[in-house]
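J.: Hey, dropping data_17.txt in here, compact mmCIF, C-alpha atoms:
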```
# COMPACT_ATOMS: atom_id res chain seq x y z
CA THR G 1 21.18 17.05 36.10
CA TRP G 2 18.56 14.76 34.54
CA VAL G 3 21.35 12.69 32.95
CA THR G 4 22.96 12.05 36.31
CA LEU G 5 19.62 10.91 37.71
CA ALA G 6 19.40 8.21 35.03
CA GLN G 7 22.88 6.71 35.23
CA SER G 8 21.72 3.56 37.03
CA CYS G 9 22.42 0.94 34.36
CA GLY G 10 25.02 2.29 31.95
CA ARG G 11 25.44 4.93 29.26
CA SER G 12 26.55 5.16 25.67
CA SER G 13 27.33 8.11 23.42
CA MET G 14 27.42 7.97 19.65
CA ARG G 15 26.89 9.87 16.44
CA GLU G 16 23.65 8.89 14.76
CA THR G 17 23.63 8.82 10.94
CA GLU G 18 20.41 7.82 9.20
CA LEU G 19 18.03 8.03 6.27
CA LYS G 20 14.32 7.19 6.08
CA ALA G 21 11.85 6.20 3.38
CA ALA G 22 8.18 5.30 3.17
CA VAL G 23 7.84 1.64 2.16
CA PRO G 24 4.70 0.55 0.24
CA ASP G 25 5.36 -3.20 0.60
CA GLU G 26 7.15 -4.11 3.82
CA SER G 27 7.02 -7.89 3.27
CA ALA G 28 8.68 -7.69 -0.13
CA CYS G 29 11.34 -5.32 1.17
CA VAL G 30 12.12 -7.57 4.15
CA ALA G 31 12.37 -10.57 1.84
CA ARG G 32 14.90 -8.77 -0.36
CA LEU G 33 17.05 -7.81 2.62
CA LEU G 34 16.96 -11.34 4.03
CA ALA G 35 17.94 -12.70 0.61
CA ALA G 36 20.91 -10.31 0.66
CA GLY G 37 22.08 -11.84 3.96
CA ALA G 38 20.34 -9.72 6.59
CA ARG G 39 19.70 -11.22 10.03
CA GLU G 40 16.74 -10.40 12.18
CA VAL G 41 17.78 -8.59 15.36
CA SER G 42 14.50 -7.78 17.07
CA VAL G 43 10.72 -7.70 16.68
CA GLY G 44 8.52 -5.74 19.06
CA ARG G 45 7.12 -2.35 19.94
CA ILE G 46 8.73 1.01 20.73
CA GLU G 47 6.95 3.60 22.85
CA ASP G 48 8.57 7.04 22.84
CA ARG G 49 7.70 9.98 25.06
CA ARG G 50 9.39 13.25 24.14
CA PHE G 51 9.83 15.80 26.89
CA ASP G 52 10.37 19.54 26.74
CA THR G 53 9.69 22.60 28.83
CA PRO G 54 6.23 24.13 28.55
CA ARG G 55 7.81 26.87 26.39
CA ARG G 56 9.48 24.26 24.11
CA ASP G 57 12.97 25.51 24.96
CA LEU G 58 14.61 22.26 23.81
CA ALA G 59 12.79 22.19 20.47
CA ALA G 60 13.85 25.79 19.85
CA ARG G 61 17.47 24.59 20.07
CA ASP G 62 16.76 21.42 18.03
CA LEU G 63 17.42 19.22 21.08
CA VAL G 64 15.53 16.03 21.90
CA LEU G 65 14.91 14.59 25.37
CA ARG G 66 13.20 11.23 25.02
CA LEU G 67 12.11 8.40 27.30
CA ARG G 68 11.92 5.19 25.26
CA VAL G 69 10.41 1.85 26.28
CA THR G 70 11.11 -1.11 23.98
CA ARG G 71 8.95 -4.20 24.30
CA ALA G 72 10.69 -6.80 22.14
CA ASN G 73 11.00 -10.57 21.89
CA GLU G 74 14.05 -10.45 24.15
CA GLY G 75 12.28 -8.51 26.94
CA VAL G 76 11.39 -4.99 28.04
CA THR G 77 14.04 -2.28 28.25
CA ALA G 78 13.97 1.49 28.77
CA THR G 79 16.37 4.34 28.05
CA LEU G 80 16.56 8.07 28.55
CA ASP G 81 17.98 9.61 25.39
CA TRP G 82 19.42 13.01 24.55
CA LYS G 83 19.95 14.11 20.93
CA GLY G 84 21.92 17.15 19.88
CA PRO G 85 21.08 19.45 16.98
CA ALA G 86 20.78 17.77 13.58
CA SER G 87 23.39 18.45 10.93
CA PHE G 88 23.27 17.51 7.27
CA ASP G 89 26.16 16.42 5.07
CA ARG G 90 25.91 14.93 1.55
CA GLY G 91 22.24 14.18 2.07
CA PHE G 92 22.66 12.32 5.38
CA LYS G 93 21.31 13.46 8.75
CA HIS G 94 23.66 13.33 11.73
CA ARG G 95 23.04 13.83 15.45
CA ASP G 96 25.17 13.36 18.54
CA GLU G 97 23.26 11.09 20.89
CA THR G 98 23.66 9.94 24.50
CA VAL G 99 21.62 6.95 25.66
CA VAL G 100 21.26 6.00 29.34
CA ALA G 101 19.66 2.73 30.45
CA VAL G 102 16.80 3.17 32.93
CA ARG G 103 15.42 0.48 35.26
CA ASP G 104 12.13 2.26 36.07
CA ALA G 105 10.61 4.17 33.15
CA ASP G 106 7.54 5.27 35.12
CA GLY G 107 9.74 6.58 37.92
CA MET G 108 11.94 8.46 35.46
CA SER G 109 8.84 10.02 33.88
CA LEU G 110 7.77 11.24 37.32
CA ILE G 111 11.21 12.74 37.97
CA LEU G 112 11.19 14.57 34.63
CA GLY G 113 7.77 15.98 35.50
CA GLN G 114 9.01 17.14 38.89
CA LEU G 115 11.85 18.93 37.12
CA GLY G 116 9.33 20.87 35.03
CA PHE G 117 9.35 18.87 31.80
CA VAL G 118 6.12 17.94 30.03
CA VAL G 119 5.36 15.30 27.40
CA THR G 120 5.13 17.06 24.04
CA ARG G 121 4.73 14.01 21.80
CA GLU G 122 3.85 10.31 22.09
CA ILE G 123 5.07 8.00 19.31
CA ASP G 124 4.12 4.31 19.36
CA ARG G 125 5.02 1.87 16.61
CA ASP G 126 5.57 -1.81 15.96
CA VAL G 127 9.08 -2.46 14.71
CA ARG G 128 11.13 -5.12 12.98
CA VAL G 129 14.91 -4.63 13.01
CA LEU G 130 17.36 -6.27 10.62
CA GLU G 131 21.16 -6.01 10.48
CA LEU G 132 22.98 -6.00 7.16
CA PHE G 133 26.46 -4.80 6.16
CA GLY G 134 26.93 -3.44 9.70
CA ALA G 135 23.91 -1.14 9.44
CA MET G 136 20.51 -1.42 11.10
CA ALA G 137 17.33 -1.42 9.03
CA ARG G 138 14.24 -0.74 11.13
CA PHE G 139 10.72 -1.08 9.74
CA GLU G 140 8.26 1.07 11.70
CA ARG G 141 4.47 0.58 11.54
CA PHE G 142 2.38 3.34 13.11
CA ALA G 143 -1.28 3.35 14.12
CA ARG G 144 -2.22 5.26 10.95
CA MET G 145 0.62 6.35 8.71
CA ASP G 146 2.95 5.00 6.04
CA THR G 147 5.34 2.26 7.12
CA LEU G 148 8.81 3.75 7.34
CA LEU G 149 12.20 2.11 6.82
CA GLU G 150 14.96 3.80 8.81
CA VAL G 151 18.53 2.77 7.96
CA GLU G 152 21.20 3.74 10.47
CA GLY G 153 24.95 3.17 10.38
CA ALA G 154 28.01 4.26 8.43
CA GLU G 155 27.19 6.09 5.21
CA GLU G 156 28.63 3.39 2.93
CA ALA G 157 26.71 0.67 4.78
CA ILE G 158 23.50 2.68 4.57
CA GLU G 159 23.89 2.96 0.80
CA ARG G 160 24.44 -0.79 0.47
CA VAL G 161 21.34 -1.58 2.54
CA ILE G 162 19.25 0.84 0.48
CA GLU G 163 20.40 -0.83 -2.73
CA ALA G 164 19.55 -4.28 -1.34
CA SER G 165 16.11 -3.11 -0.15
CA GLY G 166 14.87 -2.47 -3.67
CA VAL G 167 13.32 0.83 -2.56
CA PRO G 168 14.31 3.67 -4.94
CA ARG G 169 17.26 5.68 -3.61
CA ALA G 170 15.35 8.91 -4.22
CA ALA G 171 12.73 7.81 -1.67
CA PHE G 172 15.28 8.02 1.18
CA THR G 173 15.70 11.41 2.80
CA PRO G 174 17.07 12.92 6.02
CA ASP G 175 13.69 14.57 6.62
CA ARG G 176 12.12 14.74 10.06
CA LEU G 177 9.11 12.61 10.90
CA ILE G 178 6.74 15.53 10.39
CA ALA G 179 7.61 15.59 6.67
CA TYR G 180 6.42 11.99 6.28
CA VAL G 181 3.28 12.78 8.26
CA GLN G 182 2.52 15.71 5.98
CA ARG G 183 3.05 13.62 2.84
CA TYR G 184 0.74 10.93 4.16
CA GLU G 185 -1.98 13.41 5.01
CA SER G 186 -1.64 15.23 1.70
CA ARG G 187 -1.94 11.95 -0.23
CA THR G 188 -4.76 10.36 1.77
CA GLY G 189 -6.70 13.35 3.04
CA GLU G 190 -6.87 11.94 6.58
CA ARG G 191 -5.08 12.74 9.80
CA ALA G 192 -2.10 10.56 10.64
CA ALA G 193 -1.94 8.84 14.05
CA LEU G 194 1.48 8.34 15.60
CA CYS G 195 0.30 6.87 18.89
CA ALA G 196 -2.58 4.88 20.35
CA ARG G 197 -4.36 7.94 21.72
CA GLU G 198 -4.29 9.68 18.34
CA ALA G 199 -5.69 6.54 16.73
CA ARG G 200 -8.67 6.91 19.08
CA GLY G 201 -9.19 10.47 17.87
CA GLU G 202 -7.53 12.19 20.83
CA TYR G 203 -5.53 14.73 18.82
CA ILE G 204 -3.70 16.31 21.71
CA PHE G 205 -0.32 16.78 20.01
CA PRO G 206 0.34 19.44 17.37
CA LEU G 207 1.91 18.17 14.16
CA ASP G 208 4.98 20.39 14.52
CA ASP G 209 5.99 18.31 17.56
CA ALA G 210 6.32 15.21 15.36
```
Will you turn the file into structure tokens for me?

T.:
Amino acid sequence: TWVTLAQSCGRSSMRETELKAAVPDESACVARLLAAGAREVSVGRIEDRRFDTPRRDLAARDLVLRLRVTRANEGVTATLDWKGPASFDRGFKHRDETVVAVRDADGMSLILGQLGFVVTREIDRDVRVLELFGAMARFERFARMDTLLEVEGAEEAIERVIEASGVPRAAFTPDRLIAYVQRYESRTGERAALCAREARGEYIFPLDDA
């Protein structure tokens, strides 16, 4: 299987629990979290490539197959990630997730293509990650879209980070990325860009793949 092909550097499985919000003032929000005791974990760039069959068989089952390259201050790393169907409980989004470290991202991309998978979405963003109360707070800046704050961890820790952020609790939702894209476009009247190619006007990805 494609997972077996990627087991060259280790593997981890977990249950992902998260909420997101659009953040109008990233600097002020970061300052509030640092004042509450947050520590900076990483600063860099994340480049995601989502794969599916040409018929979108994985998306139809709410599954995600993703090749992620992270270019951060501590170096460049890559993983092949699988996410199970999303579930929702008390307003939080949950997914089972398996992450496999990959030494050669380009080689893995070629293998996935040989197996019949195609890239259905590119997502590039600059990120700043803070840790507070055992949860991770990740600020994501896209080529042309609202800055998002994603908070991931245990539910109680997520709530504490949200309170410390100063962003209204009602702004945080378990919505998929496409919902934030649609809100941005409705408010601004312009097309969002989630990757470098879209920022250049190469709109090759449909919005429902966001």

J.: For a test of reading the model, state the distance in Å between atom CA of Leu194 of chain G and atom CA of Arg125 of chain G, rounded to one decimal.

T.: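 One can read the atom CA of Leu194 of chain G to atom CA of Arg125 of chain G distance as 7.4 Å.
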
J.: Distance atom CA of Val181 of chain G-atom CA of Arg55 of chain G, one decimal place?

T.: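 Pair atom CA of Val181 of chain G / atom CA of Arg55 of chain G returns 23.4 Å.
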
J.: What are the closest atom pairs, with distances in Å to one decimal, for all residues of segment 125-197 of chain G lying within 10 Å of segment 71-76 of chain G? Consider all atoms listed in the file, order rows by chain and residue number, and present the result as CSV.

T.:
```
residue,atom,partner,partner_atom,distance
G:Asp126,CA,G:Arg71,CA,9.3
G:Val127,CA,G:Ala72,CA,8.8
G:Arg128,CA,G:Ala72,CA,9.3
```

J.: What does the structure give for the distance between atom CA of Val30 of chain G and atom CA of Arg176 of chain G, in Å to one decimal?

T.: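 It comes out at 23.1 Å.
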
J.: Please provide as a list in words all residues within 12 Å of Tyr203 of chain G, with the sequence filter that same-chain residues fewer than 3 positions apart are discarded (counting all atoms listed in the file).

T.: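 Near neighbours after the sequence-gap exclusion: Arg121, Glu122, Arg191, Ala192, Ala193, Leu194, Cys195, Ala196, Arg197, Glu198, Ala199, Arg200, Pro206 and Leu207 of chain G.
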
J.: Using only C-alpha atoms, pick whichever of G:Thr53, G:Ser165, G:Thr17, G:Thr120 has the shortest atom-to-atom distance to Ala86 of chain G.

T.: G:Thr17

J.: Report the centre and edge lengths, in Å to one decimal, of an axis-aligned box enclosing every atom of segment 160-177 of chain G listed in the file, padded by 4 Å on each side, as JSON.

T.:
```
{"center_x": 16.8, "center_y": 5.2, "center_z": 3.0, "size_x": 23.3, "size_y": 27.0, "size_z": 23.8}
```

J.: I'd like the neighbourhood of Phe117 of chain G as a ChimeraX atom specification, where a residue qualifies if any of its atoms comes within 6 Å (using only C-alpha atoms), though same-chain residues fewer than 2 positions away should be ignored.

T.: /G:51-53,112-113,115

J.: Which one is closest to Ser12 of chain G: G:Glu26, G:Glu155, G:Asp57, G:Glu97? Count all atoms listed in the file.

T.: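 The closest residue to Ser12 of chain G is G:Glu97.
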
J.: Pick out the closest residue to Thr173 of chain G from this set: G:Ile158, G:Ala35, G:Ala105, G:Met136. Count all atoms listed in the file.

T.: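 Among the listed residues, G:Ile158 lies closest to Thr173 of chain G.
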
J.: Nearest residue to Glu140 of chain G out of G:Ala179, G:Ile111, G:Ala28, G:Ile123, using only C-alpha atoms?

T.: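 Of G:Ala179, G:Ile111, G:Ala28, G:Ile123, the one nearest Glu140 of chain G, counting only C-alpha atoms, is G:Ile123.
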
J.: Counting only C-alpha atoms, which of G:Arg160, G:Arg61, G:Arg56, G:Arg169 gets nearest to Ala22 of chain G?

T.: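 With only C-alpha atoms as the atom set, the closest residue is G:Arg169.
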
J.: Set the distance at 12 Å and use only C-alpha atoms: which residues neighbour Ser27 of chain G once local chain neighbours fewer than 3 positions away are removed? I'd like the list as JSON, numbers by chain.

T.: {"G": [23, 24, 30, 31, 32, 33, 34, 128, 139, 147, 149, 165, 166]}

J.: Using all atoms listed in the file, which protein or nucleic acid residues come within 7 Å of Gly134 of chain G? Drop anything in the same chain fewer than 3 positions from it, and give the result as a count of residues only.

T.: 3

J.: Find, counting all atoms listed in the file, the residue in G:Gly116, G:Gly201, G:Gly91, G:Gly189 that gets nearest to Ala170 of chain G.

T.: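 Among the listed residues, the smallest separation from Ala170 of chain G belongs to G:Gly91.
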
J.: Name all residues at most 10 Å from Arg49 of chain G (count all atoms listed in the file; drop same-chain ones fewer than 5 positions away) and give them as number ranges by chain.

T.: G: 65-69, 80, 109, 118-124
